[in-house]
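To start, the structure itself, in structure tokens.
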Protein chains: 2
Amino acid sequence: MEQNYETLKKATAVCNSREQWSAFKESPSTKLHGEEAPVQGRRAFEAQLGHSFELDQPGEIGRLGHEISPYTLEALGIDYPEINVDVVCEAAVRAMKSWRSVDPDRRALICIELLKSLERRCFESTWATMHTAGQSYMMGFVGSGANALDRGLEAVVYAHKAMTDIPGHAVWSKQFGATRTALEKRYHFVPRGVALVICCATFPSWNAYPAIMANLMTGNPVVLKPHPGGILPMAIVVQDMRQTLADNGFNPDLITLAADVLETPIAGKFFDRQDVGIIDFTGSQRFGSWLEQNIHDKRVYTETSGVNSVVIESCDDLQGMVESISHSLCLFSAQMCTSPQTIHIPRDGVDSDQGMVAADELATMIVERVNTKTENPAHAAGICGALQSQASLDMLVNLQRQADTIGRLLRPAAPYQHPDFPDARTATPLIIGTDDPDQALLREEHFGPASFIIKHDDAQSALKAATSNAKNHGAIASHVYSMRDDFLDLAEASFLDAGASLTCNLTGPMPLNYAAAYSDMHVTGLNPAGNACLTDLAFVCDRFRIVQCRWPEGTRS
Amino acid sequence: MEQNYETLKKATAVCNSREQWSAFKESPSTKLHGEEAPVQGRRAFEAQLGHSFELDQPGEIGRLGHEISPYTLEALGIDYPEINVDVVCEAAVRAMKSWRSVDPDRRALICIELLKSLERRCFESTWATMHTAGQSYMMGFVGSGANALDRGLEAVVYAHKAMTDIPGHAVWSKQFGATRTALEKRYHFVPRGVALVICCATFPSWNAYPAIMANLMTGNPVVLKPHPGGILPMAIVVQDMRQTLADNGFNPDLITLAADVLETPIAGKFFDRQDVGIIDFTGSQRFGSWLEQNIHDKRVYTETSGVNSVVIESCDDLQGMVESISHSLCLFSAQMCTSPQTIHIPRDGVDSDQGMVAADELATMIVERVNTKTENPAHAAGICGALQSQASLDMLVNLQRQADTIGRLLRPAAPYQHPDFPDARTATPLIIGTDDPDQALLREEHFGPASFIIKHDDAQSALKAATSNAKNHGAIASHVYSMRDDFLDLAEASFLDAGASLTCNLTGPMPLNYAAAYSDMHVTGLNPAGNACLTDLAFVCDRFRIVQCRWPEGTRS
């Protein structure tokens, strides 16, 4: 485990420089993993189907689970422990009491070991993520695998920084008149208590790993509460981490699983408990806000959702811009918290490297590019994946029905035929155009592949609408395209005032959605899309508190 | 101002080592300050009496103020601006918008300049503090002067650390397939908004300076809301800081005064404002808890009060212990958040370097030492100062009347005759003994010189009562005396579980109450005595948020 020191050092350096780096393999290529690993991973997943998931953890009072694969629309048939919350929390508190005496350096090595061990099951996790979240194979491997593990490691770095900011022990002495008083001081880093980590269904690992690592590093035991529709990937995490902890001589109850089903949600049972000190939540803005406003005696960290926008004033790479926007509308069927939903353009069109482009022409280009990307089913499958929930399909039907009221239907959503999974729940992007930016519906999140191309009087109005939406309704990823320095400056200042991060003129193979660990700050905490950031010091340093003890120097061992 | 770099460097080093240091003159001696400075300071204070306080700040709509000196019981006769909250907040927001572009290094230099400038008025501030808070001359100079300025500088260090944790600009590049994407990233450190700093009446500067510095460093403009009974010391702060800011070319509206009178409190007018992002509160536990539970859309930092205890199991320096405890019961008439209130002893007495001491004998020793300390009025004046509020006198009368119900009166409170101020509101310590530890009244704070010597079945029971009180009713400073290593270990573990800091076996000239900047963590945030600590990373790093902007490398200036 000592080689994890090098990983910690390198990760700390890149957090400081914000440069590109990964501690994990970012490709599923057999050149990196060998021929066997992908096959074994898939087999491990398939062997699990229809069976009880083995998780030797305290407080089991029954079995539950009802996951449906978005690719087969069949039940996975896996059951998980149904838990007694009292027993699980009490076990977690016991684990915390021994864990809190482990020093921060050691904790970091173990946390990195937990991440490295998880990576060994990356192919199994990929299949588990595909068949619960609906992600494509590639996204399941990279986005929910390596990229998520990197975000976990980033949280280890920040928590380690925060916990080594002051020494655990110091000697202090001061002259009072003729006498010198010398005191030894011990600083205890005290965890807040059990941390309930509530995951979303579509991208659980990317937010869960940072929360798990931030909590374990700061001494807080974790109860992982997956979405009822996406238990398996998180059950694998808990199973693997418990094993690694035990293998290294630590109490595995530092992490436990609190699975539930939609009909009998379990999270609320943790809210009134005094021994629960922290809640990490990823999911809807509605529930996130409720937690922020109603839970006063715990630290609540939320990453929710918003209405992400693209503002187009002009562009110096018309084809590249259209490609990037279209790709982002398709990517994982826009089920990401970074997916754009509103595209704001001036009604008189935009200047570009190919001359003036009329607004309608630009809209048509985007629609046609989406068509191109989705007309080949194999290609569509690789980009769009499947819809995690029937609710997204219902949303599409509902919006499509209203298209004429909103404006006009530019592109209907339609299923594509997945080459490997004929029953997959799929939809290509719905795109609606409108000349009326003031509709309330444009300011709500529509979870799934639905977007709006909105015409404004001019680019300034477009920018104003986008920033106002970000400020009042939340935004996680915002984009602007412009060839004018002054407009880019204005956009940066306006999004800054709105408390929203901005990307300018991004084209090329990097998806608009991409947020890099160690470099990109994810969620600002200044708009309704959440109060926490992956990862800054604020994400970690109030998860523990400092209690000190002082005594005359040399009088205690 | 560039020499402030050296101060910042040194202060940062001692925050990391937790060693003793001060950036300010900790003695009012004329050897350090010259013969004239103390005289001029007193004259400046006296010249202010009966006059309007000059404060050229926005939003003045009238004048108000009704401070009574605890030393003369006469009105100071000073009036201050009555403000329009809208105008003040709008001016603060304007100031914030220019201030936020000043880089963290520069901000630190300016903040240190603000503190150094304040030090130049240290004698005037001492007199202002005496005649509002009731502090003695020495405490007003050292505790409310140098020590408070050091705590302010400590907050500058922590905020500077938090804001320089990542660079303001970075270049990131990553290979996507055959293409390398290179992005420049700018990280904006965004203040939360106007910070309302609410001060207490008895020791305003010690908590206000850290809050002011933490806020200004992180970009948030400050509205300072003094206690209606202690406006003058804080008005001097605002006046001086506004001048220093203006002298250095900054908008003085970064700090303004929101004075009020008891009959028409002003703080509530800030609570519903969206542009107020932070509340720092020092004062009663009742109001602090109310803020924590009811203000959801702002960051609330509280430092309130608790029931501080001394647990005596045994001692190796009986005289020294009795001296330390007695001194602390007298010091500033126990009007400090670190003053002990309950002394827990085993009913069978305690072992000591002078053999076994019976419980009653120990109580008598404490009472007699308090008598000795207070029988000479000049000596009493130096230690006890005056009572800030008539409420403390009422409390003493009320408790003294109940003494027989609680247990027995060991020492009555009585006024002492202040040699310089014959009308001063004074009281020597009230001490009540009891054999019944279970009385609710023993678990409440009685603000002023009242304490209880409580007999328990044994030392373990004494410890249990003290830690349970700390956990459930709050504690800021707790003490234990024991010659036994195992008992000290148990005490440390028990107070740790209670979330309370502990001092063991402290004797000698350092007061039990003393908390050193750069070294002692003040308030744990784990018990009802407040949620914030002076000063750790958690105190500063969520006062700003990070908003990022990224664009293709080299495409913007």
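By convention here, the chains of the structure tokens are called A, B, ... in the order presented, each chain's residues are numbered starting at 1, and ligands are numbered starting at 1 in the order presented.
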
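Every residue of chain A that lies within 6 Å of chain B is listed here, counting only C-alpha atoms: Asn16, Glu19, Gln20, Ile166, Trp172, Gln293, His296, Ser501, Leu502, Thr503, Cys504, Thr524, Ala538, Cys541, Asp542, Ile546, Val547, Gln548, Cys549, Arg550 and Trp551 of chain A.
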
Residues as selected, C-alpha atoms, written as a CSV table (one decimal), in the first residue's frame, can you do that?
```csv
chain,number,residue,atom,x,y,z
A,16,ASN,CA,-2.6,22.5,-7.3
A,19,GLU,CA,-3.4,20.1,-15.1
A,20,GLN,CA,-4.6,17.0,-16.9
A,166,ILE,CA,-2.3,21.9,11.2
A,172,TRP,CA,3.5,26.4,22.9
A,293,GLN,CA,-34.0,24.1,3.9
A,296,HIS,CA,-30.5,22.1,10.2
A,501,SER,CA,-19.4,28.5,-14.7
A,502,LEU,CA,-18.8,29.1,-18.4
A,503,THR,CA,-17.1,27.4,-21.3
A,504,CYS,CA,-16.3,29.5,-24.4
A,524,THR,CA,-20.5,26.6,-8.0
A,538,ALA,CA,-15.3,23.8,1.3
A,541,CYS,CA,-13.1,21.0,5.6
A,542,ASP,CA,-16.4,21.2,7.6
A,546,ILE,CA,-11.1,20.3,15.8
A,547,VAL,CA,-11.2,19.5,19.5
A,548,GLN,CA,-8.1,20.4,21.4
A,549,CYS,CA,-6.5,19.3,24.6
A,550,ARG,CA,-3.7,21.1,26.3
A,551,TRP,CA,-1.6,20.4,29.4
```

Can you pull out the residues contacting Gly152 in chain A? Cut-off 7 Å, using only C-alpha atoms, and skip same-chain residues under 2 positions away; I want them as a ChimeraX atom specification.
/A:148-150,154-156,209-210,213

What does the file look like for those residues with N, CA and C atoms, as a PDB file, in the first residue's frame?
```pdb
ATOM      1  N   ALA A 148     -14.719   8.841 -12.719  1.00  0.00           N
ATOM      2  CA  ALA A 148     -15.340   8.908 -11.393  1.00  0.00           C
ATOM      3  C   ALA A 148     -14.320   8.575 -10.305  1.00  0.00           C
ATOM      4  N   LEU A 149     -13.468   7.578 -10.590  1.00  0.00           N
ATOM      5  CA  LEU A 149     -12.420   7.232  -9.625  1.00  0.00           C
ATOM      6  C   LEU A 149     -11.464   8.406  -9.422  1.00  0.00           C
ATOM      7  N   ASP A 150     -11.150   9.104 -10.521  1.00  0.00           N
ATOM      8  CA  ASP A 150     -10.296  10.284 -10.400  1.00  0.00           C
ATOM      9  C   ASP A 150     -10.946  11.354  -9.511  1.00  0.00           C
ATOM     10  N   GLU A 154      -9.439  12.885  -6.160  1.00  0.00           N
ATOM     11  CA  GLU A 154      -9.368  14.331  -5.940  1.00  0.00           C
ATOM     12  C   GLU A 154      -9.916  14.696  -4.546  1.00  0.00           C
ATOM     13  N   ALA A 155     -11.002  14.067  -4.159  1.00  0.00           N
ATOM     14  CA  ALA A 155     -11.570  14.334  -2.825  1.00  0.00           C
ATOM     15  C   ALA A 155     -10.620  13.852  -1.724  1.00  0.00           C
ATOM     16  N   VAL A 156      -9.921  12.751  -1.971  1.00  0.00           N
ATOM     17  CA  VAL A 156      -8.915  12.287  -1.006  1.00  0.00           C
ATOM     18  C   VAL A 156      -7.860  13.382  -0.809  1.00  0.00           C
ATOM     19  N   TYR A 209     -18.344   8.647  -5.437  1.00  0.00           N
ATOM     20  CA  TYR A 209     -16.936   8.445  -5.052  1.00  0.00           C
ATOM     21  C   TYR A 209     -16.368   9.654  -4.312  1.00  0.00           C
ATOM     22  N   PRO A 210     -16.553  10.867  -4.846  1.00  0.00           N
ATOM     23  CA  PRO A 210     -16.061  12.022  -4.079  1.00  0.00           C
ATOM     24  C   PRO A 210     -16.667  12.107  -2.677  1.00  0.00           C
ATOM     25  N   MET A 213     -15.225   9.350  -0.416  1.00  0.00           N
ATOM     26  CA  MET A 213     -13.829   9.609  -0.068  1.00  0.00           C
ATOM     27  C   MET A 213     -13.709  10.799   0.884  1.00  0.00           C
TER      28      MET A 213
END
```

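Of note, CA of Gly249 in chain A and CA of Lys9 in chain A are spaced 24.2 Å apart.
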
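Using only C-alpha atoms, the protein and nucleic acid residues lying no more than 9 Å from Val85 in chain B, apart from those fewer than 3 places from it along its own chain, are Gly59, Val88, Cys89, Glu90, Ala258, Ile266, Lys269 and Phe270 of chain B.
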
Export, as a PDB file, in the first residue's frame, the selected residues with N, CA and C atoms.
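File produced: result_5.pdb:
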```
ATOM      1  N   GLY B  59     -26.275  56.286   3.557  1.00  0.00           N
ATOM      2  CA  GLY B  59     -27.548  55.821   4.096  1.00  0.00           C
ATOM      3  C   GLY B  59     -27.920  56.384   5.446  1.00  0.00           C
ATOM      4  N   VAL B  88     -27.346  51.153   2.634  1.00  0.00           N
ATOM      5  CA  VAL B  88     -26.069  50.605   3.111  1.00  0.00           C
ATOM      6  C   VAL B  88     -25.720  49.317   2.363  1.00  0.00           C
ATOM      7  N   CYS B  89     -26.687  48.435   2.200  1.00  0.00           N
ATOM      8  CA  CYS B  89     -26.404  47.169   1.517  1.00  0.00           C
ATOM      9  C   CYS B  89     -26.059  47.395   0.042  1.00  0.00           C
ATOM     10  N   GLU B  90     -26.785  48.310  -0.585  1.00  0.00           N
ATOM     11  CA  GLU B  90     -26.484  48.580  -1.992  1.00  0.00           C
ATOM     12  C   GLU B  90     -25.074  49.157  -2.155  1.00  0.00           C
ATOM     13  N   ALA B 258     -23.867  49.514  11.442  1.00  0.00           N
ATOM     14  CA  ALA B 258     -25.327  49.474  11.578  1.00  0.00           C
ATOM     15  C   ALA B 258     -25.653  49.539  13.068  1.00  0.00           C
ATOM     16  N   ILE B 266     -32.051  46.301  14.709  1.00  0.00           N
ATOM     17  CA  ILE B 266     -31.948  46.458  13.254  1.00  0.00           C
ATOM     18  C   ILE B 266     -31.560  45.164  12.548  1.00  0.00           C
ATOM     19  N   LYS B 269     -33.641  43.244   9.884  1.00  0.00           N
ATOM     20  CA  LYS B 269     -33.861  43.823   8.556  1.00  0.00           C
ATOM     21  C   LYS B 269     -32.902  43.254   7.511  1.00  0.00           C
ATOM     22  N   PHE B 270     -31.838  42.629   7.966  1.00  0.00           N
ATOM     23  CA  PHE B 270     -30.873  42.064   7.028  1.00  0.00           C
ATOM     24  C   PHE B 270     -31.202  40.619   6.662  1.00  0.00           C
TER      25      PHE B 270
END
```

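Near Val87 in chain A, within 10 Å and counting only C-alpha atoms, sit Pro58, Gly59, Glu60 and Val93 of chain A; same-chain residues fewer than 6 positions away were not included.
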
Report as a PyMOL selection string: the residues of range 353-397 of chain B with a DSSP assignment of helix (DSSP H, G or I), based on the backbone of this structure. chain B and resi 359-375+377-384+390-397

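Using only C-alpha atoms, the residues found no farther than 7 Å from Leu257 in chain A, other than those of its own chain fewer than 4 positions away, are Val223, Leu224, Lys225, Ala235 and Val238 of chain A.
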
Keeping only N, CA and C atoms, write those residues as an mmCIF file, in the first residue's frame.
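Below is the file that was written, again_31.cif:
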```cif
data_model
loop_
_atom_site.group_PDB
_atom_site.id
_atom_site.type_symbol
_atom_site.label_atom_id
_atom_site.label_comp_id
_atom_site.auth_asym_id
_atom_site.auth_seq_id
_atom_site.Cartn_x
_atom_site.Cartn_y
_atom_site.Cartn_z
ATOM 1 N N VAL A 223 -22.974 5.535 4.909
ATOM 2 C CA VAL A 223 -24.087 4.665 4.523
ATOM 3 C C VAL A 223 -24.479 5.107 3.115
ATOM 4 N N LEU A 224 -24.324 4.201 2.161
ATOM 5 C CA LEU A 224 -24.562 4.535 0.766
ATOM 6 C C LEU A 224 -26.005 4.173 0.412
ATOM 7 N N LYS A 225 -26.769 5.173 -0.008
ATOM 8 C CA LYS A 225 -28.186 4.978 -0.325
ATOM 9 C C LYS A 225 -28.356 5.143 -1.833
ATOM 10 N N ALA A 235 -23.878 -1.335 -4.933
ATOM 11 C CA ALA A 235 -23.697 -2.540 -4.104
ATOM 12 C C ALA A 235 -22.316 -3.130 -4.334
ATOM 13 N N VAL A 238 -19.874 -1.049 -2.334
ATOM 14 C CA VAL A 238 -19.898 -1.351 -0.890
ATOM 15 C C VAL A 238 -19.248 -2.707 -0.636
#
```

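Of the listed residues A:Val310, A:Asp316, A:Met96, A:Leu393, the one whose atoms come nearest to Asn251 in chain A is A:Met96, with distances taken using only C-alpha atoms.
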
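Taking only range 328-359 of chain A, the residues that DSSP calls strand (DSSP E or B) from the backbone come to Pro340, Gln341, Thr342, Ile343, His344, Ile345, Pro346, Val350, Asp351, Ser352 and Val357 of chain A.
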
Mind writing the picked residues with all heavy atoms as a short mmCIF file (atom, residue, chain, number, x, y, z; two decimals), in the first residue's frame?
```
data_model
loop_
_atom_site.label_atom_id
_atom_site.label_comp_id
_atom_site.auth_asym_id
_atom_site.auth_seq_id
_atom_site.Cartn_x
_atom_site.Cartn_y
_atom_site.Cartn_z
N PRO A 340 -26.79 20.34 -22.18
CA PRO A 340 -27.47 21.60 -22.48
C PRO A 340 -28.95 21.36 -22.80
O PRO A 340 -29.30 20.32 -23.35
CB PRO A 340 -26.74 22.13 -23.72
CG PRO A 340 -26.10 20.95 -24.34
CD PRO A 340 -25.90 19.91 -23.27
N GLN A 341 -29.78 22.30 -22.45
CA GLN A 341 -31.20 22.17 -22.74
C GLN A 341 -31.71 23.33 -23.58
O GLN A 341 -32.64 23.16 -24.38
CB GLN A 341 -32.00 22.07 -21.44
CG GLN A 341 -33.49 21.84 -21.68
CD GLN A 341 -34.27 21.70 -20.38
OE1 GLN A 341 -34.13 20.71 -19.67
NE2 GLN A 341 -35.10 22.67 -20.08
N THR A 342 -31.14 24.51 -23.40
CA THR A 342 -31.63 25.66 -24.17
C THR A 342 -30.49 26.26 -24.99
O THR A 342 -29.40 26.49 -24.49
CB THR A 342 -32.21 26.75 -23.24
OG1 THR A 342 -31.25 27.03 -22.23
CG2 THR A 342 -33.48 26.29 -22.58
N ILE A 343 -30.80 26.50 -26.26
CA ILE A 343 -29.83 27.12 -27.16
C ILE A 343 -30.39 28.48 -27.55
O ILE A 343 -31.46 28.57 -28.16
CB ILE A 343 -29.61 26.21 -28.40
CG1 ILE A 343 -29.07 24.85 -27.91
CG2 ILE A 343 -28.66 26.86 -29.39
CD1 ILE A 343 -29.29 23.72 -28.89
N HIS A 344 -29.68 29.51 -27.12
CA HIS A 344 -30.19 30.88 -27.29
C HIS A 344 -29.48 31.54 -28.46
O HIS A 344 -28.26 31.67 -28.46
CB HIS A 344 -29.94 31.68 -26.02
CG HIS A 344 -30.58 31.09 -24.79
ND1 HIS A 344 -31.84 31.43 -24.36
CD2 HIS A 344 -30.13 30.17 -23.91
CE1 HIS A 344 -32.14 30.76 -23.26
NE2 HIS A 344 -31.12 29.98 -22.96
N ILE A 345 -30.26 31.97 -29.46
CA ILE A 345 -29.64 32.61 -30.63
C ILE A 345 -30.37 33.90 -30.99
O ILE A 345 -31.54 34.07 -30.70
CB ILE A 345 -29.63 31.65 -31.86
CG1 ILE A 345 -31.05 31.24 -32.25
CG2 ILE A 345 -28.81 30.39 -31.57
CD1 ILE A 345 -31.10 30.34 -33.47
N PRO A 346 -29.63 34.83 -31.62
CA PRO A 346 -30.28 36.07 -32.07
C PRO A 346 -31.16 35.77 -33.29
O PRO A 346 -30.75 34.99 -34.16
CB PRO A 346 -29.10 36.97 -32.47
CG PRO A 346 -27.85 36.20 -32.25
CD PRO A 346 -28.19 34.79 -31.94
N VAL A 350 -26.37 34.66 -36.99
CA VAL A 350 -25.05 34.89 -36.41
C VAL A 350 -23.98 34.91 -37.49
O VAL A 350 -24.07 34.22 -38.51
CB VAL A 350 -24.69 33.79 -35.37
CG1 VAL A 350 -25.72 33.74 -34.25
CG2 VAL A 350 -24.56 32.42 -36.02
N ASP A 351 -22.98 35.69 -37.21
CA ASP A 351 -21.83 35.74 -38.09
C ASP A 351 -20.97 34.50 -37.83
O ASP A 351 -20.94 33.97 -36.73
CB ASP A 351 -21.03 37.01 -37.80
CG ASP A 351 -20.06 37.35 -38.93
OD1 ASP A 351 -20.12 36.68 -39.99
OD2 ASP A 351 -19.24 38.27 -38.74
N SER A 352 -20.23 34.06 -38.88
CA SER A 352 -19.40 32.87 -38.69
C SER A 352 -18.27 32.87 -39.70
O SER A 352 -18.18 33.73 -40.57
CB SER A 352 -20.25 31.61 -38.87
OG SER A 352 -20.38 31.30 -40.25
N VAL A 357 -25.16 33.35 -40.91
CA VAL A 357 -26.04 32.18 -40.93
C VAL A 357 -27.36 32.62 -40.31
O VAL A 357 -27.38 33.16 -39.20
CB VAL A 357 -25.47 31.03 -40.08
CG1 VAL A 357 -26.25 29.75 -40.33
CG2 VAL A 357 -23.99 30.83 -40.39
#
```

Handout entry: Long-range neighbours of Pro429 in chain B as a VMD selection string, 10 Å cut-off, only C-alpha atoms, 6 positions minimum in chain
Key = chain B and resid 326 329 to 331 333 to 334 367 370 to 371 374 384 396 411 to 415 448 to 451

Can I get the selected residues back with N, CA, C and O atoms, as a PDB file, in the first residue's frame?
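Result file is again28.pdb:
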```
ATOM      1  N   SER B 326      -9.772  30.446  41.305  1.00  0.00           N
ATOM      2  CA  SER B 326     -10.304  31.666  41.928  1.00  0.00           C
ATOM      3  C   SER B 326     -10.111  32.864  41.012  1.00  0.00           C
ATOM      4  O   SER B 326     -11.004  33.706  40.861  1.00  0.00           O
ATOM      5  N   LEU B 329     -12.684  32.884  38.360  1.00  0.00           N
ATOM      6  CA  LEU B 329     -14.030  33.267  38.821  1.00  0.00           C
ATOM      7  C   LEU B 329     -14.162  34.788  38.918  1.00  0.00           C
ATOM      8  O   LEU B 329     -15.250  35.341  38.767  1.00  0.00           O
ATOM      9  N   CYS B 330     -13.025  35.446  39.186  1.00  0.00           N
ATOM     10  CA  CYS B 330     -13.043  36.911  39.335  1.00  0.00           C
ATOM     11  C   CYS B 330     -12.839  37.635  38.004  1.00  0.00           C
ATOM     12  O   CYS B 330     -13.375  38.736  37.801  1.00  0.00           O
ATOM     13  N   LEU B 331     -12.040  37.029  37.134  1.00  0.00           N
ATOM     14  CA  LEU B 331     -11.555  37.744  35.949  1.00  0.00           C
ATOM     15  C   LEU B 331     -12.705  38.311  35.120  1.00  0.00           C
ATOM     16  O   LEU B 331     -13.578  37.574  34.656  1.00  0.00           O
ATOM     17  N   SER B 333     -15.180  39.686  36.041  1.00  0.00           N
ATOM     18  CA  SER B 333     -16.448  39.293  36.669  1.00  0.00           C
ATOM     19  C   SER B 333     -17.134  38.159  35.919  1.00  0.00           C
ATOM     20  O   SER B 333     -18.361  38.134  35.784  1.00  0.00           O
ATOM     21  N   ALA B 334     -16.302  37.218  35.446  1.00  0.00           N
ATOM     22  CA  ALA B 334     -16.814  36.017  34.759  1.00  0.00           C
ATOM     23  C   ALA B 334     -17.759  36.348  33.602  1.00  0.00           C
ATOM     24  O   ALA B 334     -18.680  35.595  33.307  1.00  0.00           O
ATOM     25  N   VAL B 367     -13.150  29.913  48.138  1.00  0.00           N
ATOM     26  CA  VAL B 367     -13.857  31.102  48.631  1.00  0.00           C
ATOM     27  C   VAL B 367     -12.869  32.081  49.251  1.00  0.00           C
ATOM     28  O   VAL B 367     -12.911  33.288  48.981  1.00  0.00           O
ATOM     29  N   VAL B 370     -10.786  33.836  46.703  1.00  0.00           N
ATOM     30  CA  VAL B 370     -11.579  34.883  46.037  1.00  0.00           C
ATOM     31  C   VAL B 370     -11.690  36.104  46.964  1.00  0.00           C
ATOM     32  O   VAL B 370     -11.550  37.247  46.516  1.00  0.00           O
ATOM     33  N   ASN B 371     -11.885  35.842  48.244  1.00  0.00           N
ATOM     34  CA  ASN B 371     -11.934  36.952  49.210  1.00  0.00           C
ATOM     35  C   ASN B 371     -10.650  37.766  49.152  1.00  0.00           C
ATOM     36  O   ASN B 371     -10.671  38.999  49.082  1.00  0.00           O
ATOM     37  N   THR B 374     -10.301  39.987  46.164  1.00  0.00           N
ATOM     38  CA  THR B 374     -11.267  41.064  45.963  1.00  0.00           C
ATOM     39  C   THR B 374     -11.349  42.022  47.150  1.00  0.00           C
ATOM     40  O   THR B 374     -12.060  43.021  47.085  1.00  0.00           O
ATOM     41  N   CYS B 384     -11.516  42.362  38.300  1.00  0.00           N
ATOM     42  CA  CYS B 384     -12.956  42.157  38.042  1.00  0.00           C
ATOM     43  C   CYS B 384     -13.543  43.133  37.018  1.00  0.00           C
ATOM     44  O   CYS B 384     -14.528  42.816  36.355  1.00  0.00           O
ATOM     45  N   LEU B 396     -27.512  37.957  39.872  1.00  0.00           N
ATOM     46  CA  LEU B 396     -26.845  37.640  41.135  1.00  0.00           C
ATOM     47  C   LEU B 396     -27.826  37.706  42.310  1.00  0.00           C
ATOM     48  O   LEU B 396     -27.859  36.816  43.170  1.00  0.00           O
ATOM     49  N   ARG B 411     -20.407  32.006  49.277  1.00  0.00           N
ATOM     50  CA  ARG B 411     -19.854  33.362  49.243  1.00  0.00           C
ATOM     51  C   ARG B 411     -20.868  34.270  48.580  1.00  0.00           C
ATOM     52  O   ARG B 411     -21.284  34.024  47.448  1.00  0.00           O
ATOM     53  N   PRO B 412     -21.305  35.316  49.284  1.00  0.00           N
ATOM     54  CA  PRO B 412     -22.258  36.231  48.654  1.00  0.00           C
ATOM     55  C   PRO B 412     -21.546  37.169  47.686  1.00  0.00           C
ATOM     56  O   PRO B 412     -20.380  37.494  47.885  1.00  0.00           O
ATOM     57  N   ALA B 413     -22.251  37.536  46.641  1.00  0.00           N
ATOM     58  CA  ALA B 413     -21.748  38.597  45.767  1.00  0.00           C
ATOM     59  C   ALA B 413     -21.936  39.914  46.493  1.00  0.00           C
ATOM     60  O   ALA B 413     -22.900  40.090  47.242  1.00  0.00           O
ATOM     61  N   ALA B 414     -21.006  40.821  46.300  1.00  0.00           N
ATOM     62  CA  ALA B 414     -21.147  42.135  46.931  1.00  0.00           C
ATOM     63  C   ALA B 414     -20.408  43.135  46.069  1.00  0.00           C
ATOM     64  O   ALA B 414     -19.409  42.790  45.439  1.00  0.00           O
ATOM     65  N   PRO B 415     -20.897  44.361  46.019  1.00  0.00           N
ATOM     66  CA  PRO B 415     -20.150  45.361  45.260  1.00  0.00           C
ATOM     67  C   PRO B 415     -18.796  45.632  45.915  1.00  0.00           C
ATOM     68  O   PRO B 415     -18.653  45.449  47.123  1.00  0.00           O
ATOM     69  N   GLY B 448     -22.321  36.330  34.292  1.00  0.00           N
ATOM     70  CA  GLY B 448     -21.775  37.202  35.324  1.00  0.00           C
ATOM     71  C   GLY B 448     -21.065  36.354  36.369  1.00  0.00           C
ATOM     72  O   GLY B 448     -20.909  35.137  36.201  1.00  0.00           O
ATOM     73  N   PRO B 449     -20.643  36.986  37.474  1.00  0.00           N
ATOM     74  CA  PRO B 449     -19.793  36.284  38.448  1.00  0.00           C
ATOM     75  C   PRO B 449     -20.585  35.377  39.394  1.00  0.00           C
ATOM     76  O   PRO B 449     -20.713  35.673  40.574  1.00  0.00           O
ATOM     77  N   ALA B 450     -21.115  34.285  38.840  1.00  0.00           N
ATOM     78  CA  ALA B 450     -21.828  33.305  39.662  1.00  0.00           C
ATOM     79  C   ALA B 450     -21.252  31.934  39.354  1.00  0.00           C
ATOM     80  O   ALA B 450     -21.061  31.596  38.187  1.00  0.00           O
ATOM     81  N   SER B 451     -20.975  31.172  40.405  1.00  0.00           N
ATOM     82  CA  SER B 451     -20.465  29.820  40.160  1.00  0.00           C
ATOM     83  C   SER B 451     -20.995  28.865  41.216  1.00  0.00           C
ATOM     84  O   SER B 451     -21.529  29.275  42.251  1.00  0.00           O
TER      85      SER B 451
END
```

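Within the 6 Å cut-off around range 462-475 of chain B, using only C-alpha atoms and omitting residues fewer than 5 positions from it on the same chain, the listed residues are Gly306, Val307, Asn308, His344, His456, Phe495, Ala498, Asn527, Pro528 and Ala529 of chain B.
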
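What separates CA of Thr434 in chain B from CA of Gly283 in chain B is a distance of 28.7 Å.
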
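For the set B:Thr428, B:His446, B:Ala11, B:His51, the residue with the smallest atom-to-atom gap to Ala391 in chain B is B:His446, counting only C-alpha atoms.
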